[in-house]
Structures are given as C-alpha cells and as structure tokens.
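Asker: Submitted below is the structure of interest, expressed as structure tokens.
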Amino acid sequence: MAKRIEVKDLDIYYDKFLAVQGVSMTIQPRSVTALIGPSGCGKSTFLRTLNRMHELVPNARVDGKIFMDDDDLYGPGVDPVNVRRQIGMVFQRPNPFPTMSIYDNVAAGLKLNNKRMRRSEMDDVVERALRSANLWEEVKDRLGKPGSGLSGGQQQRLCIARAIAVQPDVLLMDEPCSALDPISTQAIEDLMLELKEKYTIVIVTHNMQQAARVSDMTGFFNLQGVGKPGELVEIDETTKIFSTPSKKATEDYISGRFG
Amino acid sequence: MPPSTDRPQAQKVPLRPGDRIFSGASTGAGVLILVVLAGVAAFLIVEAWPSLTAPAEDIPGGKGVAVYVWPLLFGTLISAIFALLIASPLAVAIALFITYYSPRRIAQALGYLIDLLAAVPSIIYGLWGFTVLAPLTVEPANWLSENLGFIPLFAGPPSATGRTMLVAIIVLAVMILPIITAVVREAFRQTPRLHEEASLALGATRWEMIRMAALPFGRSSIVGASMLGLGRALGETMAVAIVLSVSGGVTFNLISSANPSTIAANIALQFPESSGVAVNTLIASGLVLFAITLAVNMAARAVINRRKEFSGAN
C-alpha cells in the first residue's frame, strides 16, 4: 500500500479541446499533496485522470504517462476498473448509496470483485474502516439504518470509510470539505493527517488555509488565459509555496491578488 | 431587529381576468375528469344491476353472473400477468441497453423504434398474431408439450391452428413493451451521476454500477411501469379477440385449443348478438374489469409517487 505516483507530460483533452497541458509531477507516498488554483484551471480534471475517471466523459482522453510505482496506469491492456480498485476517491458532495444501510455502504466495495467473504470477516473490515474514518462511535448502534440519514459531515466520513475499506494504495479527494461546516471540515482534516500514515493522499481544494494545514506538498494550477489550457505552475513543499514561491503567479494567487 | 413570527396578513391581491379565466379552465378540466369517471362507474353499476338481481337461469350459461364472469376474469388475469412476466424483464433490459450500453446514435434510433411500437393500432397486432405468429407457434408448441408436458402450462394437447393463450400472451407482451420501456428508461436516465461515480470509483464494472446505483434508484419506477403495462394488458380487446380461439373453461394450459376468453374480448365478440339480460351481464363483466383496472392504475400511481422521497441527488 501507499504507492508513489509519477506523472509525465500529461495532456488532458475533452474531445478536441485541450483542457490541461504538460503536467509532470511526483506524488510521494505517505504524504498529503494538495492541488490549488482558481476555478476552471483543471485541477479536478487532473485529479480524475489519476484513477481514470476522466475517460467516463464521452470522447475524453489523455496523452502522456502516469505511473503508480512501476505500473503504467494508461498502459495497453490496463483495465480502468482495476486502476479504480487500487485508487480510492472521495467526491465534493457526500454520495453514500441512498438505498443501502451504513454497513452496506462500507461493504459495497468489498462485495465487488465477486469476492466471497465470511460474515465475521466482513464485520471486522467494516468496523476497521469506520474506526479509521472516525465514525465508528457515532454509528455503531445503527449500522442497519440508511446512510442518507446521517449529517453531511458524517456522510462524507462514511464515504471515506467506504473508500478505504478496500485498502487502496492511493486516496483522491476532490474538494471533500466544500459542502461541509467548519466543525465537520476539521474532523475530515484531522482524519487526513491520520490517514496519511498509511495512504498516499491527493486533495483538490479551493481553501488555501486548508492546503496549508493538511498538506506536505502543494501544487498550484493556473490558466494561461481565457480559452487556453490549464497548467501546473509549480509544485513544492507546502511551507515553501506559502512563504517563498518561485513563480510570480503563485505569489499573486496565495496573497489574494487574484483568483 | 429579529424577524417577527406573526407575519402581517397577506394583502388581498386583486384577481386579474387572465388568472381567473385560467384557473377556472384548469379547475373545470380537472372536475370534468372526475365527472366522466363517476359517470362511467354509475353507468356500469346501473346497467349491470338487472343481471345481478335476475334469476340465475336467465344469465347466459344459466348458472348466474359469478359463474359467467369467473372464467373471463381468469382468462383476463392469466393473459395479462403472463404478458407482464415476459414484457417487464425485457423492457428493463432494453432500457438498460439504451441507457448504458449502446452507442449514442443506436440508442436514439432504438428509442424511436420502441416508441413507434406504441403507435401501432391494436388491430394490427391482432392480425399479425393471427396470421404470422399463430402458425409459427404450432411447431414449438408441439415440442413443448412433448418435452415439457409435465408443466401444467404446456400440458397440451397443442392446438393445430396456434390460436392459443400463448400467442395472445406474446402479442400482449409486445403491445405493453413500449410503455414499460419508456417509463423505465426515463428513470434510468435520472440516476444521479453522483451515485454512478461513487460505484465506478470503487472499481465497479458497468454491470456492477448498474446493480449498485441504477437498479436501486429505478426500482419503484420499474414496479410502477409494470403496473401501467398490466393495466393496458387487462383492457386490451381487439388483439385478443382476433387471436384467441375461445372455448371457455378455466385452465392454466397455454397451448391447447381450449382457452378462456378475456372480459374485454368477450364483450366485443358477444355484444352485437346479445339482448336483454345478456347485455346486462356483459356490462357486469365490464364493471369487474373497470374495478380491476382502476385498482391496478391507482396502485401504480402510488408506487411511482413513493419514488419522490429520494428524488434526484440527495
């Protein structure tokens, strides 16, 4: 678990439109990497190429290479389904399955693969995932109740539990706190700091304080201009990005001069 | 200043003529439907009444209304229910194919074709069943009775003409396929993208995604659509009247030449030659059909409405 991701010269297209251009970066294992930048600069789009969710949009495609340790994620014959089983994802809006109980939501990923698992074994995995997501104490007495009955913050932690129950190598988070109140946000941020002991975490956020609080590395994305593709301006240690960034655009952005 | 809890009385808004006309027209339309429905029910009850009070030997068949209507009711139910059993899984499969599997251009063409099926008049289906489908089923029916004859449905002896309950069921299934497909497809199209992505991001294959996100979301729509289809199949007249070779009797045997008729087909066939209490008896059977169809449709509405609870992406 916790693998390194290496991105090389990645161009991302929607049909003929070049959305993001020339991204190269290395994402270290057991760390949190934050991606910041103004709206529409392609950071979410880039995140979704890491687990091959991007290509679900008709005619969307990429050029370039992404390696997870030594595996080429876009190599010939690589099944995107297998990529997604190794790289978990948490979305902007909490999306537990509304017709499933809390227990079944966490177990949903385990039941894929057509894997057969003994009930007691499954119970253990579900409990461990919910404990890791700091949700166990709040839901242990109502595992059979629907997941949609939880609060927004609890639902998001349920989604994190669902993602980590299958023991992925990498966890992607697409603005996981933007629909949550400050208390729930703090719970998720604390959780990220715990989870990075075991996982590689990549988070997209609009909240620069959040990036500064939780991440080890920060990448700044920007648009070259209206109608032009987004690009990775720079990526460096978070403390350096927020104190002495090497590019003018980064400094302008984090000091609030635009965006 | 804190917002006061008792708001000032809403001012009387002067009614504009346009509003008044429109609200009157729409209220009138709504009331009209109720009036028509009540009128139909009243007509059926009043006209059926003489047959309910007449002595049993005056009823066609000579054994009373219940004995007369029961085989028809049985035929109606068995044809409609089996048609539903064939049509609804097929409709769900077609809707899934159109929504999730087919290339976009084929999906659109297929959608139009399915809708077109609904536009074919029922008499055409009847003629098709009578002239094309019935002869085609003779051979398979022989095979069924020889090899699967131990199942009561295929006990035989198989009909030589093919004008059997089985053919009526298949024709009905084709006729109710479009409405079920259309409703189910609409439901699948509204499956929240959030839930689809949630399952795909977990590493679900397309089929697993359908099972985790689309089917649970569409379940009540599938039930509701099936019941709408059932309602249509119950009331279908011409196709059944043309296809089915009737000899009365209550039997689960689908491939023999001894078939119960259905209420609607029986009325169509018998009405021109009936008079007196016989007409009242036919109307009594119509009353039974009306009650069943109404119940099925109301149940369908109730099931579809329940879906509102988890509408969209909550």
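Naming works like this for the structure tokens: A, B, ... for the chains as they're shown, residue 1 at the start of each chain, ligands 1 onward in shown order.
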What residues in chain A lie within 6 Å of chain B, counting only C-alpha atoms, written as a JSON list (two decimals) with all heavy atoms, in the first residue's frame?

Answerer:
```json
[["chain", "number", "residue", "atom", "x", "y", "z"],
["A", 81, "VAL", "N", -11.05, -0.42, -14.57],
["A", 81, "VAL", "CA", -11.72, -0.92, -13.37],
["A", 81, "VAL", "C", -10.70, -1.34, -12.32],
["A", 81, "VAL", "O", -10.84, -1.05, -11.13],
["A", 81, "VAL", "CB", -12.65, -2.10, -13.74],
["A", 81, "VAL", "CG1", -13.10, -2.85, -12.50],
["A", 81, "VAL", "CG2", -13.86, -1.59, -14.51],
["A", 84, "ARG", "N", -9.13, 1.70, -10.69],
["A", 84, "ARG", "CA", -10.00, 2.35, -9.70],
["A", 84, "ARG", "C", -10.11, 1.53, -8.43],
["A", 84, "ARG", "O", -10.43, 2.08, -7.37],
["A", 84, "ARG", "CB", -11.39, 2.58, -10.30],
["A", 84, "ARG", "CG", -11.37, 3.63, -11.39],
["A", 84, "ARG", "CD", -12.72, 3.79, -12.06],
["A", 84, "ARG", "NE", -12.54, 4.31, -13.40],
["A", 84, "ARG", "CZ", -13.19, 3.89, -14.46],
["A", 84, "ARG", "NH1", -14.09, 2.92, -14.34],
["A", 84, "ARG", "NH2", -12.97, 4.40, -15.64],
["A", 85, "ARG", "N", -9.86, 0.23, -8.54],
["A", 85, "ARG", "CA", -9.90, -0.57, -7.31],
["A", 85, "ARG", "C", -8.69, -0.30, -6.43],
["A", 85, "ARG", "O", -8.72, -0.54, -5.24],
["A", 85, "ARG", "CB", -9.96, -2.06, -7.66],
["A", 85, "ARG", "CG", -11.38, -2.44, -8.05],
["A", 85, "ARG", "CD", -11.58, -3.88, -8.40],
["A", 85, "ARG", "NE", -12.98, -4.01, -8.82],
["A", 85, "ARG", "CZ", -13.48, -5.05, -9.44],
["A", 85, "ARG", "NH1", -12.73, -6.09, -9.71],
["A", 85, "ARG", "NH2", -14.76, -5.09, -9.78],
["A", 89, "MET", "N", -11.54, 7.16, -4.21],
["A", 89, "MET", "CA", -11.88, 8.56, -4.48],
["A", 89, "MET", "C", -13.02, 9.02, -3.58],
["A", 89, "MET", "O", -13.97, 8.29, -3.33],
["A", 89, "MET", "CB", -12.28, 8.73, -5.95],
["A", 89, "MET", "CG", -12.45, 10.18, -6.35],
["A", 89, "MET", "SD", -12.40, 10.37, -8.14],
["A", 89, "MET", "CE", -12.02, 12.10, -8.27],
["A", 109, "GLY", "N", -17.71, -1.79, -1.63],
["A", 109, "GLY", "CA", -16.52, -2.07, -2.44],
["A", 109, "GLY", "C", -16.02, -3.49, -2.24],
["A", 109, "GLY", "O", -15.45, -4.10, -3.15]]
```

Asker: Would you kindly return, as an NGL selection string, each protein, DNA or RNA residue with an atom no farther than 12 Å from any atom of B:Asp58, considering only C-alpha atoms and excluding same-chain residues fewer than 3 positions away?

Answerer: :B and (50-55 or 61-65 or 68 or 275-281)

Asker: Save out the residues we just selected, N, CA and C atoms, as a PDB file, in the first residue's frame.

Answerer:
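The result, stored in part_10.pdb:
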```pdb
ATOM      1  N   PRO B  50     -79.504  -5.154 -13.329  1.00  0.00           N
ATOM      2  CA  PRO B  50     -80.516  -6.185 -13.657  1.00  0.00           C
ATOM      3  C   PRO B  50     -79.924  -7.588 -13.694  1.00  0.00           C
ATOM      4  N   SER B  51     -78.693  -7.728 -14.172  1.00  0.00           N
ATOM      5  CA  SER B  51     -78.112  -9.074 -14.251  1.00  0.00           C
ATOM      6  C   SER B  51     -77.775  -9.599 -12.872  1.00  0.00           C
ATOM      7  N   LEU B  52     -77.469  -8.698 -11.930  1.00  0.00           N
ATOM      8  CA  LEU B  52     -77.135  -9.133 -10.576  1.00  0.00           C
ATOM      9  C   LEU B  52     -78.370  -9.595  -9.825  1.00  0.00           C
ATOM     10  N   THR B  53     -79.540  -9.026 -10.173  1.00  0.00           N
ATOM     11  CA  THR B  53     -80.763  -9.376  -9.460  1.00  0.00           C
ATOM     12  C   THR B  53     -81.576 -10.433 -10.199  1.00  0.00           C
ATOM     13  N   ALA B  54     -81.233 -10.675 -11.484  1.00  0.00           N
ATOM     14  CA  ALA B  54     -82.014 -11.639 -12.277  1.00  0.00           C
ATOM     15  C   ALA B  54     -81.789 -13.055 -11.754  1.00  0.00           C
ATOM     16  N   PRO B  55     -82.797 -13.939 -11.940  1.00  0.00           N
ATOM     17  CA  PRO B  55     -82.606 -15.341 -11.555  1.00  0.00           C
ATOM     18  C   PRO B  55     -81.478 -15.963 -12.358  1.00  0.00           C
ATOM     19  N   GLY B  61     -75.521 -19.118 -20.058  1.00  0.00           N
ATOM     20  CA  GLY B  61     -74.850 -20.204 -19.350  1.00  0.00           C
ATOM     21  C   GLY B  61     -75.756 -20.806 -18.290  1.00  0.00           C
ATOM     22  N   GLY B  62     -76.685 -19.967 -17.793  1.00  0.00           N
ATOM     23  CA  GLY B  62     -77.720 -20.498 -16.900  1.00  0.00           C
ATOM     24  C   GLY B  62     -77.297 -20.715 -15.469  1.00  0.00           C
ATOM     25  N   LYS B  63     -76.136 -20.230 -15.055  1.00  0.00           N
ATOM     26  CA  LYS B  63     -75.711 -20.507 -13.681  1.00  0.00           C
ATOM     27  C   LYS B  63     -75.347 -19.246 -12.901  1.00  0.00           C
ATOM     28  N   GLY B  64     -75.811 -18.115 -13.361  1.00  0.00           N
ATOM     29  CA  GLY B  64     -75.584 -16.900 -12.595  1.00  0.00           C
ATOM     30  C   GLY B  64     -74.399 -16.090 -13.094  1.00  0.00           C
ATOM     31  N   VAL B  65     -74.340 -14.845 -12.613  1.00  0.00           N
ATOM     32  CA  VAL B  65     -73.330 -13.901 -13.096  1.00  0.00           C
ATOM     33  C   VAL B  65     -71.920 -14.342 -12.713  1.00  0.00           C
ATOM     34  N   TYR B  68     -70.569 -16.980 -14.820  1.00  0.00           N
ATOM     35  CA  TYR B  68     -70.325 -16.496 -16.177  1.00  0.00           C
ATOM     36  C   TYR B  68     -69.039 -15.665 -16.245  1.00  0.00           C
ATOM     37  N   SER B 275     -78.963  -9.507 -26.252  1.00  0.00           N
ATOM     38  CA  SER B 275     -80.086  -8.637 -25.933  1.00  0.00           C
ATOM     39  C   SER B 275     -80.551  -8.951 -24.522  1.00  0.00           C
ATOM     40  N   GLY B 276     -81.310  -8.016 -23.954  1.00  0.00           N
ATOM     41  CA  GLY B 276     -81.902  -8.248 -22.638  1.00  0.00           C
ATOM     42  C   GLY B 276     -80.867  -8.410 -21.544  1.00  0.00           C
ATOM     43  N   VAL B 277     -81.098  -9.420 -20.696  1.00  0.00           N
ATOM     44  CA  VAL B 277     -80.235  -9.613 -19.540  1.00  0.00           C
ATOM     45  C   VAL B 277     -78.814  -9.948 -19.975  1.00  0.00           C
ATOM     46  N   ALA B 278     -78.646 -10.563 -21.143  1.00  0.00           N
ATOM     47  CA  ALA B 278     -77.297 -10.902 -21.614  1.00  0.00           C
ATOM     48  C   ALA B 278     -76.441  -9.657 -21.724  1.00  0.00           C
ATOM     49  N   VAL B 279     -77.047  -8.544 -22.217  1.00  0.00           N
ATOM     50  CA  VAL B 279     -76.304  -7.284 -22.301  1.00  0.00           C
ATOM     51  C   VAL B 279     -75.901  -6.825 -20.914  1.00  0.00           C
ATOM     52  N   ASN B 280     -76.861  -6.924 -19.959  1.00  0.00           N
ATOM     53  CA  ASN B 280     -76.547  -6.513 -18.589  1.00  0.00           C
ATOM     54  C   ASN B 280     -75.414  -7.356 -18.004  1.00  0.00           C
ATOM     55  N   THR B 281     -75.410  -8.619 -18.368  1.00  0.00           N
ATOM     56  CA  THR B 281     -74.360  -9.500 -17.863  1.00  0.00           C
ATOM     57  C   THR B 281     -72.995  -9.085 -18.399  1.00  0.00           C
TER      58      THR B 281
END
```

Asker: Calculated over only C-alpha atoms, which of the candidates A:Pro38, A:Asp70, A:Leu158, A:Leu135 has the smallest distance to A:Asn95?

Answerer: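 Closest to A:Asn95 of all the choices is A:Leu158.
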
Asker: For a test of reading the model, state the distance in Å between atom CA of B:Gly126 and atom CA of B:Ile242, rounded to one decimal.

Answerer: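 One can read the atom CA of B:Gly126 to atom CA of B:Ile242 distance as 5.5 Å.
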